[in-house]
file final.txt (compact mmCIF, C-alpha atoms)
# COMPACT_ATOMS: atom_id res chain seq x y z
CA MET A 1 121.96 -21.94 69.24
CA THR A 2 123.94 -24.54 67.34
CA SER A 3 126.85 -23.42 65.18
CA PRO A 4 126.32 -23.64 61.41
CA ARG A 5 127.94 -26.55 59.61
CA ILE A 6 130.39 -24.98 57.14
CA ALA A 7 132.30 -26.85 54.44
CA VAL A 8 135.22 -25.29 52.57
CA VAL A 9 136.20 -27.01 49.33
CA GLY A 10 139.90 -26.41 48.66
CA ALA A 11 142.90 -25.86 50.95
CA GLY A 12 144.35 -22.91 49.08
CA LEU A 13 145.15 -19.57 50.67
CA GLY A 14 141.58 -18.25 50.53
CA GLY A 15 139.93 -21.37 51.89
CA LEU A 16 142.50 -21.73 54.66
CA THR A 17 142.08 -18.07 55.66
CA LEU A 18 138.31 -18.56 55.85
CA ALA A 19 138.80 -21.63 58.04
CA ARG A 20 141.31 -19.91 60.33
CA VAL A 21 139.19 -16.78 60.89
CA LEU A 22 136.12 -18.94 61.53
CA GLN A 23 138.07 -20.79 64.21
CA VAL A 24 139.24 -17.47 65.68
CA HIS A 25 135.53 -16.64 66.04
CA GLY A 26 134.91 -20.02 67.68
CA LEU A 27 133.01 -21.48 64.72
CA PRO A 28 133.72 -25.05 63.56
CA VAL A 29 134.66 -25.69 59.92
CA THR A 30 135.70 -28.60 57.73
CA VAL A 31 138.08 -28.14 54.78
CA PHE A 32 138.08 -30.77 52.02
CA GLU A 33 141.23 -31.05 49.90
CA ARG A 34 141.82 -33.56 47.10
CA GLU A 35 145.61 -33.56 47.56
CA PRO A 36 146.75 -36.36 49.89
CA SER A 37 149.00 -34.18 52.07
CA PRO A 38 150.25 -30.60 52.48
CA ASP A 39 153.53 -31.41 50.71
CA SER A 40 152.23 -33.48 47.80
CA ARG A 41 153.21 -30.83 45.22
CA SER A 42 155.22 -27.64 44.87
CA GLN A 43 153.31 -24.48 45.77
CA GLY A 44 155.03 -22.21 43.25
CA GLY A 45 156.82 -18.92 43.71
CA THR A 46 156.64 -15.85 45.88
CA LEU A 47 153.75 -13.51 46.71
CA ASP A 48 153.59 -9.88 47.79
CA MET A 49 151.16 -9.45 50.67
CA HIS A 50 149.49 -6.02 50.53
CA ALA A 51 148.84 -3.97 53.64
CA GLY A 52 145.20 -3.31 52.76
CA SER A 53 144.18 -6.83 51.78
CA GLY A 54 146.39 -9.87 52.41
CA GLN A 55 147.90 -8.41 55.57
CA THR A 56 144.46 -7.31 56.75
CA ALA A 57 143.29 -10.91 56.40
CA LEU A 58 146.34 -12.19 58.29
CA ALA A 59 145.66 -9.72 61.10
CA LYS A 60 142.08 -11.01 61.38
CA ALA A 61 143.54 -14.53 61.46
CA GLY A 62 145.84 -13.54 64.33
CA LEU A 63 148.89 -14.44 62.25
CA LEU A 64 150.40 -11.09 61.29
CA ASP A 65 153.41 -11.36 63.61
CA GLU A 66 154.19 -14.89 62.42
CA PHE A 67 153.88 -13.68 58.82
CA ARG A 68 156.29 -10.81 59.40
CA ALA A 69 158.85 -13.20 60.85
CA LEU A 70 158.84 -15.10 57.52
CA ALA A 71 158.31 -12.23 55.08
CA ARG A 72 161.02 -10.46 53.10
CA PRO A 73 160.50 -6.66 52.99
CA GLU A 74 163.63 -6.38 50.82
CA GLY A 75 161.73 -8.41 48.22
CA GLN A 76 159.78 -5.26 47.32
CA GLU A 77 162.70 -4.24 45.10
CA LYS A 78 161.69 -4.05 41.41
CA ARG A 79 163.82 -3.80 38.29
CA ILE A 80 162.53 -3.23 34.74
CA LEU A 81 164.81 -3.77 31.75
CA ASP A 82 164.45 -3.70 28.00
CA GLU A 83 165.44 -6.56 25.72
CA ASP A 84 168.98 -5.16 25.47
CA GLY A 85 169.39 -5.57 29.21
CA THR A 86 169.31 -1.82 29.96
CA LEU A 87 167.93 -1.01 33.42
CA LEU A 88 165.13 1.52 32.89
CA HIS A 89 163.29 1.48 36.23
CA HIS A 90 164.54 0.56 39.70
CA GLU A 91 162.50 0.68 42.93
CA GLN A 92 164.10 0.11 46.32
CA PRO A 93 161.89 -0.15 49.42
CA ALA A 94 162.48 2.46 52.08
CA ASP A 95 163.74 1.36 55.48
CA GLY A 96 160.82 0.02 57.49
CA ASP A 97 158.54 -0.27 54.45
CA GLU A 98 156.37 -3.36 54.89
CA SER A 99 153.50 -2.35 52.62
CA MET A 100 154.01 -5.28 50.23
CA PRO A 101 156.65 -7.71 51.59
CA GLU A 102 157.26 -10.96 49.76
CA ILE A 103 156.76 -14.47 51.11
CA ASP A 104 157.00 -17.87 49.46
CA ARG A 105 153.53 -19.23 48.72
CA GLY A 106 154.47 -22.54 50.37
CA GLN A 107 155.57 -20.78 53.57
CA LEU A 108 152.35 -18.80 53.76
CA ARG A 109 150.20 -21.86 53.13
CA GLY A 110 152.15 -23.78 55.78
CA LEU A 111 151.57 -20.97 58.29
CA LEU A 112 147.81 -21.13 57.71
CA ILE A 113 147.67 -24.94 57.82
CA GLY A 114 149.63 -25.01 61.07
CA SER A 115 147.23 -22.56 62.67
CA LEU A 116 144.17 -24.79 62.22
CA ALA A 117 142.84 -27.25 64.76
CA ASP A 118 143.76 -30.89 64.25
CA GLY A 119 141.38 -32.61 61.87
CA ALA A 120 140.03 -29.39 60.35
CA ILE A 121 141.42 -30.40 56.96
CA ARG A 122 140.42 -33.71 55.42
CA TRP A 123 143.24 -34.51 53.02
CA GLY A 124 142.63 -36.82 50.09
CA HIS A 125 138.93 -35.90 49.83
CA GLY A 126 138.32 -35.10 46.17
CA VAL A 127 135.08 -33.20 45.56
CA GLU A 128 133.04 -33.80 42.43
CA GLY A 129 130.60 -30.95 42.99
CA ALA A 130 127.90 -29.51 45.21
CA ALA A 131 124.13 -29.87 45.06
CA GLY A 132 121.90 -27.87 47.32
CA ARG A 133 123.75 -27.83 50.63
CA SER A 134 125.56 -31.13 50.01
CA VAL A 135 129.19 -31.77 49.09
CA LEU A 136 129.45 -34.57 46.52
CA PHE A 137 132.66 -36.58 46.72
CA ARG A 138 134.41 -38.43 43.92
CA ASP A 139 133.91 -41.76 45.64
CA GLY A 140 130.13 -41.32 45.29
CA SER A 141 129.44 -40.35 48.90
CA SER A 142 128.04 -37.02 50.07
CA GLU A 143 127.78 -34.91 53.21
CA GLU A 144 125.33 -32.14 54.05
CA PHE A 145 126.18 -28.71 55.50
CA ASP A 146 124.50 -25.39 56.13
CA LEU A 147 126.98 -23.68 53.80
CA VAL A 148 129.32 -25.00 51.09
CA VAL A 149 132.07 -22.59 50.05
CA GLY A 150 133.90 -23.21 46.79
CA ALA A 151 137.50 -22.14 47.38
CA ASP A 152 138.79 -24.63 44.83
CA GLY A 153 140.46 -22.39 42.31
CA ALA A 154 140.30 -21.77 38.58
CA TRP A 155 138.64 -25.06 37.66
CA SER A 156 136.28 -25.11 40.62
CA ARG A 157 133.96 -28.09 41.02
CA VAL A 158 131.55 -26.00 43.07
CA ARG A 159 131.21 -23.12 40.57
CA PRO A 160 129.09 -24.99 37.95
CA GLY A 161 126.22 -25.16 40.43
CA LEU A 162 126.20 -21.36 40.60
CA SER A 163 127.41 -20.16 37.21
CA GLU A 164 127.70 -21.55 33.68
CA VAL A 165 130.77 -19.40 32.99
CA THR A 166 134.14 -21.15 32.54
CA PRO A 167 137.65 -19.65 32.41
CA ALA A 168 138.91 -18.44 29.03
CA TYR A 169 142.49 -18.24 27.76
CA THR A 170 143.88 -14.68 27.95
CA GLY A 171 146.22 -15.09 25.00
CA VAL A 172 149.24 -14.94 27.35
CA SER A 173 151.25 -17.94 28.53
CA PHE A 174 154.07 -18.33 31.03
CA VAL A 175 156.74 -21.03 30.83
CA GLU A 176 158.21 -21.51 34.31
CA THR A 177 161.63 -22.72 35.38
CA GLY A 178 164.24 -21.81 38.01
CA PHE A 179 167.74 -22.23 39.36
CA GLU A 180 169.87 -22.12 42.50
CA GLU A 181 171.68 -18.86 43.17
CA ALA A 182 174.79 -20.69 44.37
CA ARG A 183 175.19 -22.43 41.00
CA HIS A 184 174.42 -19.36 38.87
CA PRO A 185 175.49 -16.26 40.83
CA GLU A 186 175.65 -13.83 37.89
CA PRO A 187 172.03 -14.25 36.68
CA ALA A 188 170.89 -14.19 40.33
CA ARG A 189 172.71 -10.91 40.91
CA MET A 190 170.82 -9.41 37.98
CA VAL A 191 167.50 -10.21 39.69
CA GLY A 192 168.40 -8.36 42.89
CA ASN A 193 166.45 -8.88 46.12
CA GLY A 194 162.98 -8.87 44.57
CA THR A 195 161.70 -9.08 41.01
CA MET A 196 163.23 -8.34 37.63
CA SER A 197 161.25 -7.97 34.40
CA ALA A 198 162.64 -7.52 30.90
CA TYR A 199 160.06 -6.61 28.25
CA GLY A 200 159.94 -6.75 24.48
CA PRO A 201 157.01 -6.66 22.04
CA ASN A 202 154.39 -9.13 23.33
CA ARG A 203 156.91 -11.04 25.43
CA ALA A 204 158.94 -10.82 28.62
CA VAL A 205 161.46 -12.57 30.83
CA LEU A 206 160.35 -12.38 34.46
CA ALA A 207 162.40 -13.45 37.48
CA GLN A 208 161.73 -13.38 41.21
CA ARG A 209 163.86 -14.19 44.22
CA ASN A 210 162.44 -16.85 46.54
CA SER A 211 163.77 -17.93 49.92
CA ASN A 212 166.52 -20.52 50.36
CA GLY A 213 168.58 -19.20 47.47
CA ARG A 214 166.12 -20.07 44.70
CA ILE A 215 165.29 -17.91 41.70
CA ARG A 216 162.07 -18.56 39.75
CA VAL A 217 162.03 -17.53 36.10
CA TYR A 218 159.27 -17.20 33.53
CA ALA A 219 159.41 -16.84 29.76
CA ALA A 220 156.12 -15.09 29.01
CA TYR A 221 154.56 -14.38 25.63
CA ARG A 222 151.34 -13.43 23.89
CA GLY A 223 150.37 -16.18 21.47
CA PRO A 224 148.92 -19.69 21.24
CA GLN A 225 149.13 -21.67 24.45
CA ASP A 226 151.33 -24.73 24.95
CA GLN A 227 153.93 -23.88 22.32
CA PRO A 228 157.00 -26.13 22.46
CA VAL A 229 159.68 -24.85 24.81
CA SER A 230 162.19 -24.60 21.96
CA GLU A 231 159.84 -22.24 20.11
CA VAL A 232 159.28 -20.15 23.22
CA LEU A 233 162.99 -19.81 23.90
CA SER A 234 163.60 -18.82 20.26
CA MET A 235 161.31 -15.81 20.82
CA PHE A 236 164.16 -14.31 22.84
CA ASP A 237 166.89 -14.76 20.24
CA GLY A 238 168.77 -11.48 19.88
CA TRP A 239 167.99 -10.35 23.41
CA ALA A 240 170.86 -9.47 25.75
CA GLU A 241 172.84 -12.56 26.75
CA SER A 242 172.54 -11.52 30.41
CA VAL A 243 168.73 -11.72 30.13
CA ARG A 244 168.71 -14.95 28.12
CA ALA A 245 171.02 -16.53 30.72
CA LEU A 246 168.13 -16.49 33.19
CA LEU A 247 166.41 -19.04 30.94
CA LEU A 248 169.34 -20.90 29.45
CA GLU A 249 171.12 -21.53 32.76
CA ALA A 250 167.98 -22.77 34.52
CA ASP A 251 168.27 -26.18 36.18
CA GLU A 252 164.56 -26.97 36.64
CA PRO A 253 162.27 -28.48 34.00
CA PHE A 254 160.23 -26.02 31.97
CA GLU A 255 156.49 -26.05 32.76
CA SER A 256 153.83 -24.37 30.64
CA ARG A 257 151.38 -22.16 32.57
CA PRO A 258 148.83 -20.54 30.24
CA LEU A 259 146.84 -17.78 31.89
CA PHE A 260 143.07 -18.17 32.11
CA THR A 261 140.53 -15.71 33.54
CA LEU A 262 136.87 -15.39 34.33
CA PRO A 263 135.05 -12.40 32.80
CA VAL A 264 135.48 -9.06 34.54
CA GLY A 265 132.49 -8.60 36.82
CA HIS A 266 131.69 -12.33 37.03
CA SER A 267 128.86 -12.96 39.50
CA TRP A 268 125.93 -15.31 40.03
CA PRO A 269 122.42 -15.14 41.47
CA HIS A 270 122.48 -15.53 45.22
CA THR A 271 121.99 -19.23 45.99
CA PRO A 272 121.15 -20.32 49.55
CA GLY A 273 123.72 -22.70 51.00
CA ARG A 274 126.52 -22.03 48.52
CA THR A 275 129.03 -19.35 47.55
CA LEU A 276 132.54 -18.93 46.14
CA LEU A 277 135.73 -17.07 46.96
CA GLY A 278 139.13 -16.40 45.40
CA ASP A 279 139.91 -17.76 41.93
CA ALA A 280 136.75 -19.86 41.96
CA ALA A 281 134.79 -16.59 42.05
CA HIS A 282 136.96 -14.11 40.12
CA LEU A 283 139.99 -15.67 38.42
CA MET A 284 142.19 -12.87 37.06
CA PRO A 285 145.71 -12.37 35.66
CA PRO A 286 148.60 -12.68 38.17
CA LEU A 287 149.39 -9.02 38.77
CA GLY A 288 149.80 -9.27 42.54
CA VAL A 289 146.09 -9.16 43.27
CA GLY A 290 144.69 -12.70 43.29
CA ALA A 291 146.14 -14.23 46.46
CA ASN A 292 145.55 -11.05 48.46
CA LEU A 293 141.95 -10.85 47.30
CA ALA A 294 141.28 -14.55 48.00
CA MET A 295 142.50 -14.16 51.58
CA LEU A 296 140.47 -10.99 52.10
CA ASP A 297 137.41 -12.82 50.70
CA GLY A 298 137.94 -15.59 53.23
CA ALA A 299 138.36 -13.23 56.17
CA ASP A 300 135.33 -11.14 55.17
CA LEU A 301 133.10 -14.19 54.77
CA ALA A 302 134.20 -15.53 58.15
CA ASP A 303 133.48 -12.16 59.80
CA ALA A 304 130.05 -12.04 58.18
CA LEU A 305 129.19 -15.54 59.38
CA ALA A 306 130.32 -14.69 62.91
CA ALA A 307 128.32 -11.46 62.99
CA GLU A 308 125.07 -12.80 61.51
CA PRO A 309 123.45 -15.99 62.85
CA ASP A 310 121.36 -16.30 59.67
CA VAL A 311 123.78 -18.00 57.27
CA ASP A 312 121.90 -16.86 54.19
CA ALA A 313 121.93 -13.23 55.34
CA ALA A 314 125.65 -13.47 56.12
CA VAL A 315 126.44 -14.78 52.64
CA ARG A 316 124.37 -12.02 51.04
CA ALA A 317 126.33 -9.43 53.03
CA TYR A 318 129.64 -10.98 51.95
CA GLU A 319 128.65 -11.17 48.27
CA SER A 320 127.44 -7.55 48.27
CA VAL A 321 131.00 -6.47 49.15
CA MET A 322 132.93 -9.11 47.22
CA PHE A 323 131.29 -8.69 43.79
CA PRO A 324 132.05 -4.98 43.19
CA ARG A 325 135.50 -5.22 44.77
CA ALA A 326 136.44 -8.17 42.56
CA ALA A 327 135.07 -6.46 39.44
CA ARG A 328 137.21 -3.38 40.10
CA LEU A 329 140.40 -5.37 40.65
CA ALA A 330 139.72 -7.75 37.76
CA ARG A 331 139.48 -4.73 35.43
CA PHE A 332 142.80 -3.44 36.78
CA ALA A 333 144.44 -6.85 36.24
CA ALA A 334 143.04 -7.29 32.72
CA ASP A 335 144.16 -3.82 31.66
CA GLY A 336 147.54 -4.41 33.29
CA LEU A 337 148.10 -7.63 31.38
CA ASP A 338 147.29 -5.85 28.11
CA ALA A 339 149.80 -3.12 28.95
CA LEU A 340 152.58 -5.55 29.85
CA PHE A 341 152.15 -7.76 26.79
CA SER A 342 151.63 -5.35 23.93
CA PRO A 343 153.45 -4.46 20.70
CA GLU A 344 154.92 -1.50 22.60
CA GLY A 345 157.06 -3.79 24.71
CA VAL A 346 158.80 -2.09 27.61
CA LYS A 347 157.09 1.27 26.95
CA GLY A 348 153.73 -0.22 27.98
CA ALA A 349 155.26 -1.73 31.11
CA LEU A 350 156.91 1.55 32.14
CA ARG A 351 153.68 3.45 31.61
CA LEU A 352 151.78 0.98 33.79
CA PHE A 353 154.31 1.17 36.63
CA SER A 354 154.34 4.96 36.36
CA GLU A 355 150.57 5.01 36.80
CA LEU A 356 150.78 2.65 39.78
CA THR A 357 153.41 4.72 41.57
CA GLY A 358 151.58 7.87 40.57

call {"tool": "encode", "arguments": {"input": "final.txt", "output": "structure tokens"}}
result
Amino acid sequence: MTSPRIAVVGAGLGGLTLARVLQVHGLPVTVFEREPSPDSRSQGGTLDMHAGSGQTALAKAGLLDEFRALARPEGQEKRILDEDGTLLHHEQPADGDESMPEIDRGQLRGLLIGSLADGAIRWGHGVEGAAGRSVLFRDGSSEEFDLVVGADGAWSRVRPGLSEVTPAYTGVSFVETGFEEARHPEPARMVGNGTMSAYGPNRAVLAQRNSNGRIRVYAAYRGPQDQPVSEVLSMFDGWAESVRALLLEADEPFESRPLFTLPVGHSWPHTPGRTLLGDAAHLMPPLGVGANLAMLDGADLADALAAEPDVDAAVRAYESVMFPRAARLARFAADGLDALFSPEGVKGALRLFSELTG
């Protein structure tokens, strides 16, 4: 029997995990990525990899030991403050706890890229869409496969062939910046080894420690997207100077990152030759779920394709597991975002974390 021809659109974490696990099973795969190289843009901040999802996917990819060598278990520390800078909640990981260690997104992506066979990723191949079992490229050419997997994120080019739904603004925006710990030791000390969050009514200052002495900071608020930075910073007037220093002493440009989501329970009629994973399938708020779920999607789809020679049957099996799982986690993330950015301020955040730690 000949191996199925599988195309993955997008070299994000989910698509790369799918490609890696397919190769572990001895199945060929081609990943198409519009970016010209792995280092053409910054990959953002840090991620917590959960034992039951992201780490499960890494184990199936044969990369768990390499991941643990890069991960930061101490990054599981969490601090929650109010707008006066009072520490109200502090979690320290126990010795040996690796249930949700942190890793820089760029490091994790680099680990997956480095694990793939030479030539598996075609850089600089922008995809315009998919029709039937064909990938349509921006230069007007096309290529046919047995399966086209859209792993191309929030604004997927593959999704429109399966679903008419588009992402909608959540009402919450992040404005991202950052600084070097060596240049600003006092604000960095406030963050600790992991994440620090200070909440007020419908707004928050969020900070996370990355590797190499970098701290990433976000001014987050509920309101119209793309407000001028000066207006966003003014939302935190009157807050503790120690909290405001995380924003005011930043040495990176401010970048607006409005949060968009797909509807909870988003799905599509099964379509032979095409499917989606990760944000392309179930974009949700960033509450520590999305990257883990995308990688688990990729690993599950690869396992299904390896176990079932009928590609269509394999995709049906994958979708039957992915749809309800994504709906459950999307509901959790949507409710969590509402709790974190509410008129109650830090009370809503503390209640959410109390429920999570149970």

call {"tool": "closest_atom_pairs", "arguments": {"input": "final.txt", "of": "range 113-136 of chain A", "to": "range 13-22 of chain A", "cutoff": "7 Å", "atoms": "all atoms listed in the file", "output": "Markdown table"}}
result
| residue | atom | partner | partner_atom | distance |
| --- | --- | --- | --- | --- |
| A:Ile113 | CA | A:Leu16 | CA | 6.9 |
| A:Ser115 | CA | A:Arg20 | CA | 6.9 |
| A:Leu116 | CA | A:Arg20 | CA | 6.0 |

call {"tool": "closest_residue", "arguments": {"input": "final.txt", "among": "A:Leu111, A:Val232, A:Ala120, A:Leu283", "to": "Trp155 in chain A", "atoms": "all atoms listed in the file"}}
result
A:Leu283

call {"tool": "closest_residue", "arguments": {"input": "final.txt", "among": "A:Ala7, A:Val24, A:Ala61, A:Leu87", "to": "Ser142 in chain A", "atoms": "all atoms listed in the file"}}
result
A:Ala7

call {"tool": "closest_residue", "arguments": {"input": "final.txt", "among": "A:Val229, A:Ala299, A:Val243, A:Ala94", "to": "His25 in chain A", "atoms": "only C-alpha atoms"}}
result
A:Ala299

call {"tool": "atom_distance", "arguments": {"input": "final.txt", "atom1": "CA of Val8 in chain A", "atom2": "CA of Arg133 in chain A"}}
result
11.9 Å

call {"tool": "closest_atom_pairs", "arguments": {"input": "final.txt", "of": "range 47-127 of chain A", "to": "range 340-348 of chain A", "cutoff": "10 Å", "atoms": "only C-alpha atoms", "output": "JSON lines"}}
result
{"residue": "A:Ile80", "atom": "CA", "partner": "A:Val346", "partner_atom": "CA", "distance": 8.1}
{"residue": "A:Leu81", "atom": "CA", "partner": "A:Val346", "partner_atom": "CA", "distance": 7.5}
{"residue": "A:Asp82", "atom": "CA", "partner": "A:Val346", "partner_atom": "CA", "distance": 5.9}
{"residue": "A:Glu83", "atom": "CA", "partner": "A:Val346", "partner_atom": "CA", "distance": 8.2}
{"residue": "A:Leu88", "atom": "CA", "partner": "A:Val346", "partner_atom": "CA", "distance": 9.0}

call {"tool": "closest_residue", "arguments": {"input": "final.txt", "among": "A:Leu147, A:Met322, A:Leu262, A:Ala207", "to": "Leu296 in chain A", "atoms": "only C-alpha atoms"}}
result
A:Met322

call {"tool": "residues_around", "arguments": {"input": "final.txt", "residues": "Glu319 in chain A", "least_positions_apart": "2", "cutoff": "9 Å", "atoms": "all atoms listed in the file", "output": "CSV table (one decimal) with C-alpha atoms, in the frame of the given file"}}
result
chain,number,residue,atom,x,y,z
A,267,SER,CA,128.9,-13.0,39.5
A,270,HIS,CA,122.5,-15.5,45.2
A,275,THR,CA,129.0,-19.4,47.6
A,276,LEU,CA,132.5,-18.9,46.1
A,301,LEU,CA,133.1,-14.2,54.8
A,314,ALA,CA,125.6,-13.5,56.1
A,315,VAL,CA,126.4,-14.8,52.6
A,316,ARG,CA,124.4,-12.0,51.0
A,317,ALA,CA,126.3,-9.4,53.0
A,321,VAL,CA,131.0,-6.5,49.2
A,322,MET,CA,132.9,-9.1,47.2
A,323,PHE,CA,131.3,-8.7,43.8
A,324,PRO,CA,132.0,-5.0,43.2

call {"tool": "closest_residue", "arguments": {"input": "final.txt", "among": "A:Pro101, A:Pro93, A:Pro38, A:Pro228", "to": "Gln55 in chain A", "atoms": "only C-alpha atoms"}}
result
A:Pro101

call {"tool": "closest_residue", "arguments": {"input": "final.txt", "among": "A:Ala339, A:Leu27, A:Ser99, A:Asn193", "to": "Ser354 in chain A", "atoms": "only C-alpha atoms"}}
result
A:Ala339

call {"tool": "atom_distance", "arguments": {"input": "final.txt", "atom1": "CA of Val217 in chain A", "atom2": "CA of Leu247 in chain A"}}
result
6.9 Å

call {"tool": "build_atoms", "arguments": {"input": "final.txt", "residues": "range 79-94 of chain A", "atoms": "N, CA and C atoms", "output": "PDB file, in the frame of the given file"}}
result
ATOM      1  N   ARG A  79     162.966  -4.262  39.385  1.00  0.00           N
ATOM      2  CA  ARG A  79     163.820  -3.800  38.290  1.00  0.00           C
ATOM      3  C   ARG A  79     163.117  -4.075  36.966  1.00  0.00           C
ATOM      4  N   ILE A  80     163.104  -3.071  36.074  1.00  0.00           N
ATOM      5  CA  ILE A  80     162.530  -3.230  34.740  1.00  0.00           C
ATOM      6  C   ILE A  80     163.613  -2.936  33.720  1.00  0.00           C
ATOM      7  N   LEU A  81     163.792  -3.878  32.789  1.00  0.00           N
ATOM      8  CA  LEU A  81     164.810  -3.770  31.750  1.00  0.00           C
ATOM      9  C   LEU A  81     164.158  -3.847  30.379  1.00  0.00           C
ATOM     10  N   ASP A  82     164.896  -3.438  29.360  1.00  0.00           N
ATOM     11  CA  ASP A  82     164.450  -3.700  28.000  1.00  0.00           C
ATOM     12  C   ASP A  82     165.148  -4.948  27.486  1.00  0.00           C
ATOM     13  N   GLU A  83     164.889  -5.310  26.239  1.00  0.00           N
ATOM     14  CA  GLU A  83     165.440  -6.560  25.720  1.00  0.00           C
ATOM     15  C   GLU A  83     166.945  -6.500  25.512  1.00  0.00           C
ATOM     16  N   ASP A  84     167.521  -5.301  25.554  1.00  0.00           N
ATOM     17  CA  ASP A  84     168.980  -5.160  25.470  1.00  0.00           C
ATOM     18  C   ASP A  84     169.646  -5.253  26.832  1.00  0.00           C
ATOM     19  N   GLY A  85     168.840  -5.446  27.868  1.00  0.00           N
ATOM     20  CA  GLY A  85     169.390  -5.570  29.210  1.00  0.00           C
ATOM     21  C   GLY A  85     169.637  -4.246  29.903  1.00  0.00           C
ATOM     22  N   THR A  86     169.124  -3.139  29.350  1.00  0.00           N
ATOM     23  CA  THR A  86     169.310  -1.820  29.960  1.00  0.00           C
ATOM     24  C   THR A  86     168.300  -1.620  31.095  1.00  0.00           C
ATOM     25  N   LEU A  87     168.789  -1.251  32.262  1.00  0.00           N
ATOM     26  CA  LEU A  87     167.930  -1.010  33.420  1.00  0.00           C
ATOM     27  C   LEU A  87     167.238   0.338  33.243  1.00  0.00           C
ATOM     28  N   LEU A  88     165.900   0.312  33.155  1.00  0.00           N
ATOM     29  CA  LEU A  88     165.130   1.520  32.890  1.00  0.00           C
ATOM     30  C   LEU A  88     164.332   1.998  34.101  1.00  0.00           C
ATOM     31  N   HIS A  89     164.081   1.121  35.049  1.00  0.00           N
ATOM     32  CA  HIS A  89     163.290   1.480  36.230  1.00  0.00           C
ATOM     33  C   HIS A  89     163.775   0.634  37.393  1.00  0.00           C
ATOM     34  N   HIS A  90     164.022   1.273  38.535  1.00  0.00           N
ATOM     35  CA  HIS A  90     164.540   0.560  39.700  1.00  0.00           C
ATOM     36  C   HIS A  90     163.889   1.126  40.956  1.00  0.00           C
ATOM     37  N   GLU A  91     163.132   0.283  41.667  1.00  0.00           N
ATOM     38  CA  GLU A  91     162.500   0.680  42.930  1.00  0.00           C
ATOM     39  C   GLU A  91     163.162  -0.062  44.075  1.00  0.00           C
ATOM     40  N   GLN A  92     163.565   0.695  45.094  1.00  0.00           N
ATOM     41  CA  GLN A  92     164.100   0.110  46.320  1.00  0.00           C
ATOM     42  C   GLN A  92     163.161   0.474  47.467  1.00  0.00           C
ATOM     43  N   PRO A  93     162.760  -0.498  48.294  1.00  0.00           N
ATOM     44  CA  PRO A  93     161.890  -0.150  49.420  1.00  0.00           C
ATOM     45  C   PRO A  93     162.619   0.693  50.444  1.00  0.00           C
ATOM     46  N   ALA A  94     161.903   1.642  51.015  1.00  0.00           N
ATOM     47  CA  ALA A  94     162.480   2.460  52.080  1.00  0.00           C
ATOM     48  C   ALA A  94     162.647   1.631  53.346  1.00  0.00           C
TER      49      ALA A  94
END
